[in-house]
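File shown: entry28.txt. Contents: compact mmCIF, C-alpha atoms.
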```txt
# COMPACT_ATOMS: atom_id res chain seq x y z
CA MET R 1 164.98 102.82 92.86
CA THR R 2 161.74 101.11 93.78
CA SER R 3 160.80 98.24 96.01
CA ALA R 4 158.56 96.66 93.39
CA ARG R 5 159.44 93.10 92.43
CA ASP R 6 161.06 92.84 88.95
CA THR R 7 159.41 90.46 86.56
CA SER R 8 160.81 89.00 83.44
CA PRO R 9 158.95 89.32 80.17
CA GLY R 10 156.19 86.73 80.03
CA GLU R 11 156.12 86.12 83.78
CA ALA R 12 152.65 86.80 85.29
CA PRO R 13 152.42 89.03 88.35
CA PRO R 14 151.69 87.15 91.60
CA ALA R 15 147.99 86.62 92.51
CA ARG R 16 146.69 88.78 95.35
CA ARG R 17 145.61 86.77 98.37
CA ARG R 18 142.20 87.61 99.90
CA HIS R 19 142.26 88.50 103.55
CA PRO R 20 140.63 85.72 105.66
CA LEU R 21 138.19 88.21 107.22
CA ALA R 22 137.03 89.32 103.79
CA VAL R 23 136.35 85.70 102.82
CA LEU R 24 134.47 85.12 106.06
CA GLY R 25 132.42 88.27 105.49
CA LEU R 26 131.50 87.14 101.99
CA VAL R 27 130.44 83.69 103.22
CA LEU R 28 128.36 85.17 106.01
CA SER R 29 126.70 87.60 103.60
CA VAL R 30 125.76 84.75 101.26
CA LEU R 31 124.43 82.68 104.17
CA PHE R 32 122.38 85.64 105.41
CA VAL R 33 120.80 86.19 102.01
CA VAL R 34 120.03 82.48 101.67
CA GLY R 35 118.59 82.46 105.20
CA VAL R 36 116.33 85.42 104.48
CA VAL R 37 115.07 83.81 101.27
CA VAL R 38 114.42 80.50 103.00
CA ALA R 39 112.71 82.21 105.96
CA ASN R 40 110.37 84.00 103.57
CA VAL R 41 109.60 80.92 101.48
CA VAL R 42 109.42 78.01 103.93
CA THR R 43 106.18 77.94 105.94
CA ALA R 44 106.15 77.60 109.73
CA PRO R 45 103.77 75.29 111.64
CA TYR R 46 102.56 78.11 113.88
CA VAL R 47 99.68 80.55 114.14
CA VAL R 48 99.94 84.06 115.55
CA PHE R 49 97.30 85.83 117.61
CA THR R 50 97.49 89.62 117.69
CA SER R 51 95.19 92.39 118.92
CA GLY R 52 91.94 92.80 117.02
CA GLY R 53 89.02 95.18 117.31
CA ALA R 54 87.03 95.91 120.47
CA TYR R 55 83.42 96.56 119.41
CA ASP R 56 80.78 98.20 121.59
CA VAL R 57 77.76 95.89 121.36
CA LEU R 58 75.50 98.82 122.28
CA ALA R 59 76.71 101.09 119.47
CA GLU R 60 74.71 101.99 116.38
CA ASP R 61 77.69 101.29 114.11
CA GLY R 62 78.86 97.74 114.72
CA PRO R 63 81.26 95.63 112.64
CA GLY R 64 78.39 94.68 110.33
CA ASP R 65 76.02 96.86 108.32
CA GLY R 66 74.34 98.57 111.26
CA PRO R 67 73.81 98.25 115.00
CA MET R 68 75.10 95.02 116.46
CA LEU R 69 71.98 94.40 118.56
CA ARG R 70 68.34 94.93 117.66
CA VAL R 71 65.43 93.75 119.80
CA ASP R 72 61.87 93.33 118.50
CA GLY R 73 58.77 92.33 120.45
CA HIS R 74 59.80 93.88 123.77
CA GLN R 75 60.25 97.35 125.16
CA THR R 76 63.87 98.54 125.05
CA TYR R 77 65.57 101.19 127.16
CA PRO R 78 68.33 103.76 126.58
CA THR R 79 71.88 102.69 127.33
CA ASP R 80 74.93 104.70 128.36
CA GLY R 81 78.62 103.80 128.23
CA ALA R 82 80.17 100.90 126.36
CA LEU R 83 80.11 97.12 126.64
CA ARG R 84 82.84 95.93 124.32
CA MET R 85 83.26 92.47 122.88
CA THR R 86 86.89 91.87 122.04
CA THR R 87 88.55 90.04 119.17
CA VAL R 88 91.93 88.80 118.06
CA ALA R 89 93.37 88.73 114.57
CA MET R 90 94.74 85.29 113.77
CA TYR R 91 97.36 84.63 111.12
CA GLY R 92 98.68 81.30 109.92
CA GLY R 93 95.52 79.25 109.56
CA PRO R 94 94.86 76.68 106.81
CA GLY R 95 95.43 78.22 103.40
CA HIS R 96 97.13 81.25 104.94
CA GLU R 97 100.33 79.75 106.34
CA LEU R 98 103.00 82.04 107.76
CA SER R 99 106.66 82.06 106.78
CA TRP R 100 109.39 81.68 109.38
CA TRP R 101 110.29 85.31 108.74
CA GLU R 102 106.78 86.44 109.70
CA VAL R 103 106.78 84.26 112.82
CA GLY R 104 110.19 85.60 113.81
CA THR R 105 109.10 89.19 113.32
CA SER R 106 106.06 88.56 115.48
CA TRP R 107 108.20 86.95 118.18
CA LEU R 108 110.53 89.97 118.27
CA GLY R 109 107.52 92.24 118.84
CA ARG R 110 106.83 90.46 122.17
CA GLN R 111 103.10 91.29 122.12
CA ASP R 112 101.67 88.51 119.97
CA GLU R 113 100.86 84.98 121.06
CA ILE R 114 102.51 82.27 118.96
CA VAL R 115 101.17 78.72 119.27
CA PRO R 116 101.63 75.51 117.27
CA ARG R 117 99.04 75.21 114.51
CA SER R 118 98.24 71.66 115.67
CA ARG R 119 96.94 73.10 118.95
CA VAL R 120 94.42 75.23 117.09
CA PHE R 121 93.44 73.24 114.00
CA PRO R 122 93.03 69.53 113.29
CA GLU R 123 95.33 68.03 110.68
CA ASP R 124 94.17 68.36 107.05
CA VAL R 125 91.38 70.83 107.87
CA THR R 126 90.60 73.30 105.07
CA ALA R 127 90.08 77.04 105.20
CA ASP R 128 86.45 76.54 104.18
CA GLN R 129 85.87 74.12 107.05
CA VAL R 130 87.48 76.54 109.49
CA GLN R 131 85.20 79.34 108.30
CA LYS R 132 82.10 77.16 108.68
CA VAL R 133 83.07 76.15 112.22
CA SER R 134 83.79 79.76 113.17
CA THR R 135 80.42 80.89 111.81
CA ALA R 136 78.63 78.06 113.60
CA GLN R 137 80.36 78.95 116.86
CA MET R 138 79.30 82.59 116.58
CA THR R 139 75.72 81.54 115.81
CA GLY R 140 75.66 79.28 118.85
CA SER R 141 77.21 82.01 120.98
CA GLN R 142 74.53 84.49 119.92
CA SER R 143 71.74 82.04 120.69
CA SER R 144 73.13 81.18 124.13
CA ALA R 145 73.59 84.88 124.90
CA GLU R 146 69.99 85.54 123.90
CA THR R 147 68.71 82.71 126.10
CA VAL R 148 70.68 83.88 129.13
CA ALA R 149 69.78 87.57 128.73
CA LEU R 150 66.07 86.94 128.16
CA ARG R 151 65.81 84.74 131.24
CA ALA R 152 67.72 87.27 133.35
CA ALA R 153 65.29 89.97 132.17
CA GLY R 154 62.29 87.83 133.12
CA VAL R 155 61.23 86.92 129.58
CA PRO R 156 59.88 83.35 129.13
CA VAL R 157 62.20 81.35 126.88
CA THR R 158 62.71 77.72 125.89
CA GLU R 159 65.56 76.16 123.97
CA LYS R 160 65.55 74.27 120.70
CA VAL R 161 68.51 72.00 120.00
CA VAL R 162 69.84 72.45 116.47
CA VAL R 163 72.60 70.99 114.33
CA ALA R 164 75.20 73.71 114.01
CA GLN R 165 77.53 71.72 111.78
CA VAL R 166 77.98 68.18 110.44
CA VAL R 167 81.57 66.99 110.70
CA PRO R 168 82.91 65.98 107.25
CA GLY R 169 83.26 62.20 106.96
CA ALA R 170 81.26 61.58 110.16
CA PRO R 171 78.41 59.03 110.40
CA ALA R 172 75.86 61.88 110.33
CA GLU R 173 77.09 63.19 106.98
CA GLY R 174 74.35 62.83 104.36
CA ARG R 175 71.78 62.10 107.07
CA LEU R 176 71.63 65.19 109.25
CA ARG R 177 72.03 68.74 108.00
CA ALA R 178 73.11 72.05 109.47
CA GLU R 179 70.07 73.95 110.86
CA ASP R 180 68.10 70.75 111.49
CA THR R 181 66.11 71.11 114.73
CA ILE R 182 66.44 67.98 116.86
CA VAL R 183 63.03 66.92 118.18
CA SER R 184 64.00 63.64 119.82
CA VAL R 185 66.68 60.93 119.89
CA ASP R 186 65.51 57.33 120.42
CA GLY R 187 62.30 58.67 121.92
CA ALA R 188 63.95 61.11 124.36
CA ARG R 189 62.70 64.65 123.73
CA ALA R 190 65.58 67.00 122.91
CA THR R 191 65.07 69.53 125.69
CA SER R 192 68.80 70.33 125.86
CA VAL R 193 72.13 69.51 124.25
CA GLN R 194 72.93 67.30 127.25
CA VAL R 195 69.79 65.20 126.72
CA VAL R 196 70.77 64.55 123.09
CA GLN R 197 74.33 63.60 124.05
CA GLN R 198 73.10 61.27 126.78
CA ALA R 199 70.75 59.52 124.37
CA VAL R 200 73.64 58.85 121.97
CA GLN R 201 75.76 57.53 124.86
CA ARG R 202 73.00 55.12 125.90
CA ALA R 203 72.90 53.72 122.36
CA GLY R 204 76.65 53.09 122.46
CA ALA R 205 79.29 53.11 119.74
CA GLY R 206 78.73 50.88 116.73
CA SER R 207 74.94 51.06 116.89
CA THR R 208 72.33 53.43 115.44
CA VAL R 209 70.01 56.10 116.84
CA ARG R 210 66.62 57.24 115.55
CA VAL R 211 66.67 61.01 115.30
CA VAL R 212 63.48 62.96 114.67
CA VAL R 213 64.27 66.36 113.14
CA GLN R 214 62.36 69.39 111.94
CA ARG R 215 63.71 70.42 108.54
CA LYS R 216 62.26 73.22 106.41
CA GLY R 217 58.91 72.99 108.17
CA LYS R 218 58.61 69.21 107.87
CA GLN R 219 59.28 66.55 110.46
CA ARG R 220 61.20 63.46 109.48
CA THR R 221 62.92 60.50 111.13
CA VAL R 222 66.56 59.73 110.30
CA THR R 223 68.57 56.69 111.33
CA VAL R 224 72.14 57.67 112.14
CA PRO R 225 75.06 55.29 112.91
CA THR R 226 77.31 55.97 115.89
CA LYS R 227 81.05 55.51 116.31
CA GLN R 228 83.55 55.79 119.11
CA VAL R 229 85.76 58.87 119.44
CA GLU R 230 87.99 59.27 122.49
CA GLY R 231 85.97 56.72 124.41
CA ARG R 232 82.57 58.27 123.65
CA ALA R 233 79.79 57.37 121.23
CA VAL R 234 79.21 60.14 118.69
CA VAL R 235 77.34 60.72 115.43
CA GLY R 236 79.61 63.56 114.30
CA VAL R 237 77.67 66.80 114.67
CA GLN R 238 78.22 70.04 116.51
CA LEU R 239 75.08 70.96 118.41
CA GLY R 240 73.79 74.36 119.43
CA THR R 241 70.65 75.88 120.84
CA VAL R 242 68.18 78.44 119.54
CA ALA R 243 66.11 80.55 121.91
CA ASP R 244 62.37 80.22 121.40
CA SER R 245 60.52 83.21 122.87
CA PRO R 246 58.11 85.98 121.90
CA VAL R 247 61.10 88.36 121.72
CA ASP R 248 63.29 88.46 118.62
CA VAL R 249 66.93 89.42 119.09
CA HIS R 250 68.97 90.17 115.97
CA VAL R 251 72.78 90.18 116.15
CA ASP R 252 74.90 91.60 113.33
CA ALA R 253 78.55 90.90 114.09
CA GLY R 254 79.73 91.23 110.51
CA SER R 255 82.60 88.87 109.74
CA VAL R 256 83.49 88.28 113.40
CA GLY R 257 83.34 84.57 114.20
CA GLY R 258 84.00 82.21 117.06
CA PRO R 259 82.28 81.76 120.44
CA SER R 260 84.15 84.25 122.64
CA ALA R 261 81.69 87.17 122.38
CA GLY R 262 78.93 85.30 124.22
CA MET R 263 79.23 86.95 127.64
CA MET R 264 79.40 90.52 126.32
CA LEU R 265 76.50 89.93 123.91
CA ALA R 266 74.41 88.64 126.81
CA LEU R 267 75.22 91.75 128.86
CA GLY R 268 74.33 93.99 125.91
CA ILE R 269 70.98 92.28 125.27
CA TYR R 270 70.14 92.42 128.97
CA ASP R 271 71.03 96.13 129.08
CA LYS R 272 68.63 96.90 126.23
CA LEU R 273 65.81 94.89 127.83
CA THR R 274 66.04 96.39 131.32
CA GLU R 275 65.49 99.88 132.67
CA GLY R 276 68.54 101.94 133.60
CA PRO R 277 71.91 101.92 131.80
CA LEU R 278 73.89 98.90 132.97
CA ALA R 279 77.34 100.39 132.33
CA GLY R 280 76.39 103.80 133.69
CA GLY R 281 78.67 105.69 131.33
CA GLN R 282 81.69 103.47 131.97
CA ASP R 283 83.73 101.77 129.24
CA VAL R 284 83.78 98.05 130.04
CA ALA R 285 85.23 95.31 127.83
CA GLY R 286 85.39 91.57 128.27
CA THR R 287 85.47 88.16 126.71
CA GLY R 288 84.27 84.64 127.37
CA THR R 289 81.99 81.97 125.97
CA ILE R 290 78.59 81.55 127.54
CA ASP R 291 76.45 78.45 127.98
CA PRO R 292 72.65 78.56 128.08
CA ASP R 293 72.83 78.17 131.87
CA GLY R 294 74.98 81.32 132.10
CA THR R 295 78.35 79.69 132.70
CA VAL R 296 81.25 81.77 131.31
CA GLY R 297 84.05 79.77 129.68
CA PRO R 298 87.69 80.47 128.76
CA ILE R 299 89.00 81.61 125.39
CA ASP R 300 92.30 82.05 123.52
CA GLY R 301 94.30 85.24 123.03
CA ILE R 302 93.11 87.08 126.14
CA ALA R 303 96.30 89.14 126.52
CA GLN R 304 95.89 90.47 122.99
CA LYS R 305 92.20 91.16 123.62
CA MET R 306 93.00 93.24 126.69
CA HIS R 307 95.49 95.35 124.73
CA GLY R 308 92.96 95.86 121.93
CA ALA R 309 90.30 96.87 124.46
CA ARG R 310 92.60 99.36 126.15
CA GLU R 311 93.50 100.92 122.80
CA ALA R 312 89.76 101.33 122.15
CA GLY R 313 89.32 103.21 125.45
CA ALA R 314 88.13 100.52 127.88
CA THR R 315 89.28 100.86 131.49
CA TRP R 316 87.69 97.67 132.85
CA PHE R 317 87.98 94.11 131.56
CA LEU R 318 85.81 91.13 132.54
CA ALA R 319 87.85 87.93 132.26
CA PRO R 320 86.76 84.29 132.62
CA GLU R 321 88.16 82.91 135.86
CA ASP R 322 89.69 79.99 133.96
CA ASN R 323 91.81 82.49 131.97
CA CYS R 324 93.29 84.18 135.03
CA GLU R 325 96.75 82.64 134.57
CA GLN R 326 96.96 84.30 131.15
CA VAL R 327 95.63 87.61 132.52
CA VAL R 328 98.03 88.20 135.40
CA GLY R 329 101.08 90.11 134.23
CA HIS R 330 99.45 91.20 130.97
CA VAL R 331 96.90 93.78 132.09
CA PRO R 332 97.66 97.04 130.22
CA GLN R 333 98.40 100.20 132.17
CA GLY R 334 95.21 102.09 132.98
CA MET R 335 93.02 98.96 132.90
CA HIS R 336 91.51 96.93 135.76
CA ASP R 337 90.55 93.26 135.44
CA VAL R 338 87.66 91.42 137.11
CA ALA R 339 87.45 87.62 137.31
CA VAL R 340 83.98 86.14 136.63
CA THR R 341 82.52 82.64 136.36
CA ASP R 342 78.99 83.26 135.10
CA PHE R 343 76.58 85.84 133.74
CA THR R 344 75.27 86.88 137.15
CA GLU R 345 78.77 87.71 138.38
CA ALA R 346 79.50 89.62 135.18
CA ARG R 347 76.27 91.62 135.46
CA LYS R 348 76.89 92.47 139.11
CA ALA R 349 80.46 93.49 138.29
CA VAL R 350 79.27 95.96 135.64
CA GLU R 351 76.67 97.32 138.04
CA ALA R 352 79.37 97.84 140.68
CA ILE R 353 81.65 99.57 138.16
CA ALA R 354 78.80 101.88 137.13
CA ALA R 355 78.10 102.73 140.80
CA GLY R 356 81.77 103.25 141.67
CA ARG R 357 81.73 100.38 144.20
CA THR R 358 84.72 98.46 142.87
CA ASP R 359 86.80 97.68 145.98
CA ALA R 360 85.27 94.23 146.42
CA LEU R 361 85.53 93.16 142.76
CA PRO R 362 87.85 90.12 142.50
CA THR R 363 90.91 90.48 140.29
CA CYS R 364 92.57 87.53 138.60
CA GLU R 365 95.61 87.96 140.81
CA GLU R 366 93.42 87.67 143.91
CA HIS R 367 91.63 84.64 142.46
CA LEU R 368 94.89 82.79 141.82
CA ALA R 369 96.23 83.69 145.27
CA ALA R 370 93.09 82.26 146.89
CA ARG R 371 93.28 78.89 145.15
```
Show how you would write the structure in this file as structure tokens.
Amino acid sequence: MTSARDTSPGEAPPARRRHPLAVLGLVLSVLFVVGVVVANVVTAPYVVFTSGGAYDVLAEDGPGDGPMLRVDGHQTYPTDGALRMTTVAMYGGPGHELSWWEVGTSWLGRQDEIVPRSRVFPEDVTADQVQKVSTAQMTGSQSSAETVALRAAGVPVTEKVVVAQVVPGAPAEGRLRAEDTIVSVDGARATSVQVVQQAVQRAGAGSTVRVVVQRKGKQRTVTVPTKQVEGRAVVGVQLGTVADSPVDVHVDAGSVGGPSAGMMLALGIYDKLTEGPLAGGQDVAGTGTIDPDGTVGPIDGIAQKMHGAREAGATWFLAPEDNCEQVVGHVPQGMHDVAVTDFTEARKAVEAIAAGRTDALPTCEEHLAAR
């Protein structure tokens, strides 16, 4: 005798009912697969900054084809130790958008910085335009670093104002060109970027300015319209400066772009031009833009730069004072930070590190506490 249900000929056996948990598991599995596919296909409006290289500007094997710094026309001196410029690797820029899966993976790692793409790039900008801006920024950074270092070393130097880039669609497009040297604007000699900007402001938006430029060895006068952007009259160019001195400084940074290496390049050039090793055998890294007057400015991705520098062996990090909020709480173990505002402070900090007199060096935490 069995407990099986008898069936008559021709009667189908009863259908087996699926357990509710099995159905739920199947639905969740399908949703997970769909979610993974979508996360890998749909792009996210974010960019990710992660640690990049930390390159010793004094080394003979830089990120380019040879030494990063070469000085001609002036006596140079031996160096000792390392002065590292720091970089970040950025993912998610125009033409290289990230998927939500990649952003999520980066977020789970807890070491990368994730920011909205709109905070980094203008809308509709192309990858080619981004590359040109980055290259122009590095060129300007190198020139400012050269100007600051030469003056600090007692070498006579003047500045030439140049067009670093013409903004696409701007009034200057088709009239001014990248690498034009600005001689004067409406009769005012272009002795600095500020003088050029002030001359454009005096003309006002909706008018024109007469710009005398030096282009390929010839001087010419160009009439350029102005327009208003954020309450200011502009012609639509990014300006930079070129150091004019009897000393030639050559910088080979390879494919590294952007303006953030300025301070460390200036320290490296100064070290080569002056007697006695500036770093004194210490491994010092840092970051920050630099203006021709020596002012050090803030940058993005400083937490990632500190981690990259520590991995490269640096034990000291020079940070722009305006970045101190991003520094505190992110300094890697075994590294010490120093807050600086200009080239002179940075130079004196490295000298103090080399001499072992570091007690009085201001940290970012101390700077924020004193505000």
Which residue of R:Lys348, R:Val47, R:Lys216, R:Thr191 approaches Ala360 (chain R) most closely, using all atoms listed in the file:
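Going through R:Lys348, R:Val47, R:Lys216, R:Thr191 one by one, the smallest distance to Ala360 (chain R) is for R:Lys348.
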Would you compute the distance between CA of Ala145 (chain R) and CA of Gly81 (chain R)? Give it in Å to one decimal.
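That distance, rounded to one decimal, is 19.9 Å.
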Looking at R:Thr358, R:Gln131, R:Thr226, R:Thr274, which one is nearest to Val209 (chain R), with distances taken over all atoms listed in the file?
R:Thr226
Tell me, as an MDAnalysis selection string, which residues lie within 10 Å of region 61-74 of chain R, counting all atoms listed in the file; anything in the same chain fewer than 5 positions away does not count.
chainID R and resid 53:56 155 245:256 265 268:269 272:273
Quick one: pull the distance between CA of Val222 (chain R) and CA of Val234 (chain R), Å, one decimal.
15.2 Å
12 Å contact set for region 298-301 of chain R, all atoms listed in the file, chain neighbours under 2 positions out, as a PyMOL selection string:
chain R and resi 47-52+86-90+111-115+119-120+258-263+286-291+295-296+303-308+318-327+330+339-342
Exercise: Thr208 (chain R) partners within 12 Å, all atoms listed in the file, chain neighbours under 2 positions left out, as an MDAnalysis selection string:
chainID R and resid 171:172 185:186 199:206 210:211 222:227 233:235
Have a look at CA of Val229 (chain R) and CA of Pro45 (chain R) and let me know their distance in Å, one decimal.
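Here the two named atoms are 25.6 Å from each other.
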Which one of R:Ala309, R:Val148, R:Thr158, R:Cys364 sits closest to Gly294 (chain R) if you count only C-alpha atoms?
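Of all the options, R:Val148 lies closest to Gly294 (chain R).
Non-sequential neighbours of Gly281 (chain R) (distance at most 10 Å, separation of 4 or more positions within a chain, all atoms listed in the file) are Thr79, Asp80, Gly81, Ala82, Leu83, Pro277, Ile353, Ala354 and Ala355 of chain R.
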So which residues touch Thr126 (chain R) within 7 Å, counting only C-alpha atoms, skipping near sequence neighbours fewer than 3 positions away, as a list of chain:residue names?
R:Pro94, R:Gln129, R:Val130
R:Glu351, R:Asp359, R:Arg220, R:Val213 ranked by distance to Leu267 (chain R), top pick (using all atoms listed in the file):
R:Glu351
Smallest atom-to-atom distance to Met335 (chain R): which of R:Val284, R:Val350, R:Val183, R:Ala152, using all atoms listed in the file?
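Once distances to Met335 (chain R) are computed over all atoms listed in the file, the minimum belongs to R:Val284.
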Given the choices R:Leu361, R:Trp100, R:Pro156, R:Gly257, which gets closest to Ser134 (chain R) if the distance is worked out from all atoms listed in the file?
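Of all the options, R:Gly257 lies closest to Ser134 (chain R).
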Could you rebuild region 324-344 of chain R with N, CA and C atoms and give me the result as a compact mmCIF listing (two decimals), in the coordinates of the input?
```txt
# COMPACT_ATOMS: atom_id res chain seq x y z
N CYS R 324 92.56 83.27 134.16
CA CYS R 324 93.29 84.18 135.03
C CYS R 324 94.81 84.02 134.93
N GLU R 325 95.30 82.82 134.69
CA GLU R 325 96.75 82.64 134.57
C GLU R 325 97.31 83.40 133.38
N GLN R 326 96.51 83.55 132.33
CA GLN R 326 96.96 84.30 131.15
C GLN R 326 96.73 85.80 131.31
N VAL R 327 95.92 86.19 132.30
CA VAL R 327 95.63 87.61 132.52
C VAL R 327 96.71 88.27 133.37
N VAL R 328 97.08 87.61 134.46
CA VAL R 328 98.03 88.20 135.40
C VAL R 328 99.37 88.48 134.70
N GLY R 329 99.83 89.70 134.85
CA GLY R 329 101.08 90.11 134.23
C GLY R 329 100.92 90.70 132.85
N HIS R 330 99.69 90.69 132.32
CA HIS R 330 99.45 91.20 130.97
C HIS R 330 98.39 92.30 130.92
N VAL R 331 97.92 92.74 132.06
CA VAL R 331 96.90 93.78 132.09
C VAL R 331 97.54 95.11 131.71
N PRO R 332 97.05 95.78 130.66
CA PRO R 332 97.66 97.04 130.22
C PRO R 332 97.54 98.13 131.29
N GLN R 333 98.45 99.07 131.25
CA GLN R 333 98.40 100.20 132.17
C GLN R 333 97.11 100.98 131.96
N GLY R 334 96.46 101.34 133.06
CA GLY R 334 95.21 102.09 132.98
C GLY R 334 93.98 101.22 132.89
N MET R 335 94.15 99.88 132.97
CA MET R 335 93.02 98.96 132.90
C MET R 335 92.96 98.12 134.17
N HIS R 336 91.74 97.78 134.59
CA HIS R 336 91.51 96.93 135.76
C HIS R 336 90.79 95.66 135.31
N ASP R 337 91.19 94.51 135.82
CA ASP R 337 90.55 93.26 135.44
C ASP R 337 89.64 92.77 136.57
N VAL R 338 88.60 92.04 136.17
CA VAL R 338 87.66 91.42 137.11
C VAL R 338 87.46 89.98 136.68
N ALA R 339 87.63 89.04 137.60
CA ALA R 339 87.45 87.62 137.31
C ALA R 339 85.98 87.23 137.52
N VAL R 340 85.39 86.55 136.54
CA VAL R 340 83.98 86.14 136.63
C VAL R 340 83.84 84.68 136.21
N THR R 341 82.78 84.04 136.72
CA THR R 341 82.52 82.64 136.36
C THR R 341 81.20 82.45 135.63
N ASP R 342 80.28 83.41 135.78
CA ASP R 342 78.99 83.26 135.10
C ASP R 342 78.37 84.63 134.82
N PHE R 343 77.23 84.60 134.15
CA PHE R 343 76.58 85.84 133.74
C PHE R 343 76.21 86.71 134.93
N THR R 344 75.70 86.10 135.99
CA THR R 344 75.27 86.88 137.15
C THR R 344 76.44 87.66 137.74
```
